[in-house]
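A.B. asks: The structure's right below; bear with me while I get my questions together.
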Amino acid sequence: MMNKDNKTPFNVEVTTLGCKVNQFESESLYAELQELKCQSSNDNVIDNICIINTCTVTGKASMQSRQAIRKVIRDNPDAIILATGCYAQSEPDELKKIEGLDYIIGNSDKHHITQIISTIKKVQKQTSPIIVHKNILNQKKIPKTIAPLIKNRTRPFIKIQDGCDNFCSYCIVPYTRGPSRSLLPDEVIHIIGNLPPAKRKEIVLTGIHLGRYGLDLSPPDSLLNLLKRIEQTNIVDRIRLSSLEPVELTDDLLSFIAESGCVCHHLHIPLQSGDKDILKKMNRPYNPEFFKRLISKIHDTLPDAAIGVDIMVGFPGETQDAFDNTYSLISSLPITYLHVFPFSSRPGTKAAGFPNHVNPHIIKERRNKLLNLGRKKKSAFYAKMIGKSLDVLIEEKRESSSSHLTGVSSNYIRVFAEGDDSLKNKILPYRITKILNPDAVSGELLT
């Protein structure tokens, strides 16, 4: 995913690729740079800077990061060009080969970017990039941050955790993000409280390994305790959770979500494979039977909940039988939608050296088969919602082709509706009337 912000008064352009955590960090950086502009009185500070916040979770993401950097360089020949993010952390020497790039700042030093920019002079266009990079595996804390500056995002992302300790055999993220680290609860509350009131209708709590929130703190804390505290403060109407690992969806957490008037009935859970041998090779800490019981428990506890699942196809050694086990498991469960990814070999991970890599044509066939299953699952879920009343947060941006108001229900259904701008940024009851397309339904406002 790539998001490009408009230029700030400081003439800084930020291009963001990748996950919600990256987007939060870009938005927070944007806010810091706004403050820097207000405080700056030095006319010698350069005022034309482009930042690319990169991703490297797959080979395609790395390629898109390189393409984004080159495009920014072409479009802004006189600007200072700064690359940061996960690709800058994992492959600074590869990025150094791109002509026109001035700074490469790893995730280890991303929180220093505003400070670095404040020292850049107009004469400092580089002949070769300056690299600021440390071993992120040594980092123990998340730097404090300010509330992100969001433009058209109705549902802001709030990063409460960073890093991962799992070291799944296919994943580069622990090497680009470091160990699991959590914001103190007071800091989380402070960030949320500093959002404009219109941006506190719904927040999305995000992290690289969200379910590990609080375990590194002293004394240890938990995501469940944080959710309880946020709800008690009454500063937001709705809380949406980003991806949670299967083993971290405890009975206590599910019971709280069911009883809460605040936490959205929407859970996104990475399965990756429905074959026990492949899961073991992936270093995933569960088996298909555990996952099956979990999904059934979620459905029983939250019957209206949207359940999204990540699947990886083509992991080394994935036979036809192993893929069929995945397909059969997904088919049998009340899952709402699928995110399907082809295996991407990442240098530095264990899986990169595994034998029996799957033919790319077979990977494509398997991916398409699962995508088709995912479309059927989502359509069936939407069909069950016809005639029901859902609380929908109306967003700031209208649907581009029809100019309908658009909104999102607690259980992650996109709703198109008629209405004027006075309805924006409000949570309102809508009766779902019909399925419009594979990704949206229509709704009528209940008065």
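Ordering of the structure tokens sets the chain letters (A, B, ...), residue numbers begin anew at 1 in every chain, and ligands are numbered from 1 in the order given.
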Wanna dump the stretch 67-179 of chain A-stretch 347-357 of chain A contacts at 8 Å for me, each residue with its shortest atom pair and the distance in Å to one decimal, counting only C-alpha atoms, ordered by chain and number, as JSON lines?

C.D. replies:
{"residue": "A:Ser169", "atom": "CA", "partner": "A:Lys350", "partner_atom": "CA", "distance": 5.0}
{"residue": "A:Tyr170", "atom": "CA", "partner": "A:Ala351", "partner_atom": "CA", "distance": 5.0}
{"residue": "A:Cys171", "atom": "CA", "partner": "A:Thr349", "partner_atom": "CA", "distance": 6.4}
{"residue": "A:Ile172", "atom": "CA", "partner": "A:Thr349", "partner_atom": "CA", "distance": 6.3}

A.B. asks: Restrict the calculation to only C-alpha atoms, then for each residue of stretch 258-370 of chain A with any atom at most 12 Å from an atom of stretch 59-79 of chain A give the closest atom pair and their distance in Å to one decimal, rows by chain and rising residue number, as a Markdown table.

C.D. replies:
| residue | atom | partner | partner_atom | distance |
| --- | --- | --- | --- | --- |
| A:Phe341 | CA | A:Lys60 | CA | 10.9 |
| A:Pro342 | CA | A:Lys60 | CA | 10.3 |
| A:Phe343 | CA | A:Gly59 | CA | 9.4 |
| A:Ser344 | CA | A:Gly59 | CA | 6.0 |
| A:Ser345 | CA | A:Gly59 | CA | 7.3 |
| A:Arg346 | CA | A:Gly59 | CA | 7.1 |
| A:Pro347 | CA | A:Gly59 | CA | 9.8 |
| A:Ala352 | CA | A:Gly59 | CA | 11.9 |

A.B. asks: Write the selection just made, keeping all heavy atoms, as a JSON list (two decimals), in the first residue's frame?

C.D. replies:
[["chain", "number", "residue", "atom", "x", "y", "z"],
["A", 341, "PHE", "N", -1.42, -14.25, 0.54],
["A", 341, "PHE", "CA", -0.11, -13.77, 0.12],
["A", 341, "PHE", "C", 0.71, -14.93, -0.44],
["A", 341, "PHE", "O", 0.75, -16.01, 0.16],
["A", 341, "PHE", "CB", 0.66, -13.18, 1.31],
["A", 341, "PHE", "CG", -0.08, -12.12, 2.06],
["A", 341, "PHE", "CD1", -0.88, -12.43, 3.16],
["A", 341, "PHE", "CD2", 0.01, -10.79, 1.68],
["A", 341, "PHE", "CE1", -1.56, -11.45, 3.85],
["A", 341, "PHE", "CE2", -0.67, -9.80, 2.37],
["A", 341, "PHE", "CZ", -1.45, -10.13, 3.46],
["A", 342, "PRO", "N", 1.39, -14.73, -1.56],
["A", 342, "PRO", "CA", 2.34, -15.74, -2.02],
["A", 342, "PRO", "C", 3.60, -15.69, -1.15],
["A", 342, "PRO", "O", 4.00, -14.62, -0.69],
["A", 342, "PRO", "CB", 2.64, -15.32, -3.46],
["A", 342, "PRO", "CG", 2.41, -13.85, -3.48],
["A", 342, "PRO", "CD", 1.31, -13.58, -2.48],
["A", 343, "PHE", "N", 4.21, -16.84, -0.92],
["A", 343, "PHE", "CA", 5.46, -16.88, -0.18],
["A", 343, "PHE", "C", 6.50, -16.02, -0.89],
["A", 343, "PHE", "O", 6.65, -16.07, -2.11],
["A", 343, "PHE", "CB", 5.97, -18.32, -0.07],
["A", 343, "PHE", "CG", 7.38, -18.40, 0.45],
["A", 343, "PHE", "CD1", 7.65, -18.18, 1.79],
["A", 343, "PHE", "CD2", 8.44, -18.69, -0.41],
["A", 343, "PHE", "CE1", 8.96, -18.25, 2.27],
["A", 343, "PHE", "CE2", 9.74, -18.77, 0.06],
["A", 343, "PHE", "CZ", 10.00, -18.56, 1.40],
["A", 344, "SER", "N", 7.21, -15.22, -0.11],
["A", 344, "SER", "CA", 8.27, -14.37, -0.64],
["A", 344, "SER", "C", 9.55, -14.68, 0.13],
["A", 344, "SER", "O", 9.61, -14.48, 1.34],
["A", 344, "SER", "CB", 7.90, -12.89, -0.49],
["A", 344, "SER", "OG", 8.92, -12.06, -1.00],
["A", 345, "SER", "N", 10.54, -15.21, -0.57],
["A", 345, "SER", "CA", 11.80, -15.57, 0.08],
["A", 345, "SER", "C", 12.56, -14.32, 0.49],
["A", 345, "SER", "O", 12.87, -13.47, -0.35],
["A", 345, "SER", "CB", 12.65, -16.40, -0.88],
["A", 345, "SER", "OG", 13.85, -16.81, -0.26],
["A", 346, "ARG", "N", 12.84, -14.20, 1.78],
["A", 346, "ARG", "CA", 13.53, -13.02, 2.29],
["A", 346, "ARG", "C", 14.92, -13.42, 2.77],
["A", 346, "ARG", "O", 15.06, -14.24, 3.68],
["A", 346, "ARG", "CB", 12.76, -12.39, 3.47],
["A", 346, "ARG", "CG", 11.28, -12.19, 3.24],
["A", 346, "ARG", "CD", 10.95, -11.39, 2.01],
["A", 346, "ARG", "NE", 11.42, -10.02, 2.08],
["A", 346, "ARG", "CZ", 12.06, -9.40, 1.12],
["A", 346, "ARG", "NH1", 12.35, -10.04, 0.00],
["A", 346, "ARG", "NH2", 12.43, -8.15, 1.25],
["A", 347, "PRO", "N", 15.99, -12.88, 2.17],
["A", 347, "PRO", "CA", 17.35, -13.17, 2.64],
["A", 347, "PRO", "C", 17.48, -12.87, 4.13],
["A", 347, "PRO", "O", 16.98, -11.86, 4.62],
["A", 347, "PRO", "CB", 18.22, -12.23, 1.80],
["A", 347, "PRO", "CG", 17.41, -11.95, 0.57],
["A", 347, "PRO", "CD", 15.98, -11.95, 1.03],
["A", 352, "ALA", "N", 14.36, -18.98, 3.67],
["A", 352, "ALA", "CA", 15.05, -18.69, 2.41],
["A", 352, "ALA", "C", 15.95, -19.85, 2.00],
["A", 352, "ALA", "O", 16.20, -20.07, 0.81],
["A", 352, "ALA", "CB", 15.87, -17.41, 2.54]]

A.B. asks: Give me every strand (DSSP E or B) residue in stretch 232-369 of chain A, going by DSSP on the backbone, as a list of chain:residue names.

C.D. replies: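 Taking stretch 232-369 of chain A and keeping strand (DSSP E or B) only, one gets A:Arg238, A:Ile239, A:Arg240, A:Leu241, A:Val263, A:His266, A:Leu267, A:His268, A:Ile269, A:Pro270, A:Leu271, A:Gln272, A:Ala306, A:Ile307, A:Gly308, A:Val309, A:Asp310, A:Ile311, A:Met312, A:Val313, A:Tyr337, A:Leu338, A:His339, A:Val340, A:Phe341, A:Pro342.
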
A.B. asks: Residues within 9 Å of A:Cys164, please, as a list in words. Count only C-alpha atoms; anything in the same chain fewer than 6 positions from it doesn't count.

C.D. replies: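 Within the cut-off, the hits are Val173, Pro174, Tyr175, Arg177, Gly178, Pro179, Ser180, Arg181, Ile208, His209 and Arg212 of chain A.
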
A.B. asks: For atom CA of A:Ala306 and atom CA of A:Ile269, quote the distance in Å rounded to one decimal.

C.D. replies: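 We find that atom CA of A:Ala306 and atom CA of A:Ile269 lie 10.7 Å from each other.
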
A.B. asks: Could you name the residues that touch A:Ile394 at 6 Å or less, counting only C-alpha atoms, but leaving out those on the same chain fewer than 3 positions away, as a count of residues only?

C.D. replies: 5

A.B. asks: Using only C-alpha atoms for the distances, tell me which of A:Ile435, A:Val21, A:Leu137, A:Ile363 is nearest to A:Leu210.

C.D. replies: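 The closest residue to A:Leu210 is A:Val21.
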
A.B. asks: Can you pull out every residue within 9 Å of A:Leu29, counting only C-alpha atoms, but drop anything in the same chain fewer than 2 positions away, and send it as a compact mmCIF listing (two decimals) with N, CA and C atoms, in the first residue's frame?

C.D. replies:
# COMPACT_ATOMS: atom_id res chain seq x y z
N VAL A 14 5.69 13.34 2.21
CA VAL A 14 5.89 12.02 2.81
C VAL A 14 5.14 10.98 2.00
N PHE A 24 1.00 5.19 10.72
CA PHE A 24 0.97 5.96 11.96
C PHE A 24 2.27 6.75 12.11
N GLU A 25 3.40 6.08 11.87
CA GLU A 25 4.68 6.75 12.06
C GLU A 25 4.85 7.91 11.09
N SER A 26 4.37 7.75 9.85
CA SER A 26 4.44 8.85 8.89
C SER A 26 3.58 10.02 9.35
N GLU A 27 2.39 9.72 9.84
CA GLU A 27 1.49 10.79 10.29
C GLU A 27 2.03 11.50 11.52
N ALA A 31 3.27 15.45 11.81
CA ALA A 31 2.90 16.38 12.88
C ALA A 31 4.14 17.03 13.49
N GLU A 32 5.20 16.24 13.71
CA GLU A 32 6.43 16.80 14.26
C GLU A 32 7.03 17.84 13.33
N LEU A 33 6.97 17.60 12.03
CA LEU A 33 7.54 18.54 11.07
C LEU A 33 6.72 19.82 11.00
N GLN A 34 5.44 19.72 11.22
CA GLN A 34 4.61 20.93 11.31
C GLN A 34 5.08 21.79 12.48
N LYS A 110 14.49 6.26 13.15
CA LYS A 110 13.37 6.98 12.54
C LYS A 110 12.88 8.11 13.43
N HIS A 111 12.94 7.90 14.74
CA HIS A 111 12.46 8.93 15.67
C HIS A 111 13.39 10.14 15.73
N ILE A 113 14.41 11.64 12.87
CA ILE A 113 14.34 12.30 11.56
C ILE A 113 14.10 13.80 11.68
N THR A 114 13.19 14.20 12.55
CA THR A 114 12.91 15.64 12.70
C THR A 114 14.17 16.39 13.14
N THR A 145 6.07 9.68 21.24
CA THR A 145 5.63 10.32 20.02
C THR A 145 4.46 11.24 20.33
N ILE A 146 4.16 12.12 19.38
CA ILE A 146 3.01 13.01 19.56
C ILE A 146 1.84 12.45 18.76
N PRO A 148 -0.69 11.75 15.97
CA PRO A 148 -0.52 11.91 14.52
C PRO A 148 -1.41 13.02 13.97
N LEU A 149 -0.95 13.63 12.90
CA LEU A 149 -1.72 14.67 12.22
C LEU A 149 -2.42 14.02 11.04

A.B. asks: Neighbouring residues of A:Leu184 were defined as those with any atom within 12 Å, considering only C-alpha atoms; residues of the same chain fewer than 2 positions away were excluded. Please report them as a PyMOL selection string.

C.D. replies: chain A and resi 141-145+159-161+181-182+186-191+213-223+225-226
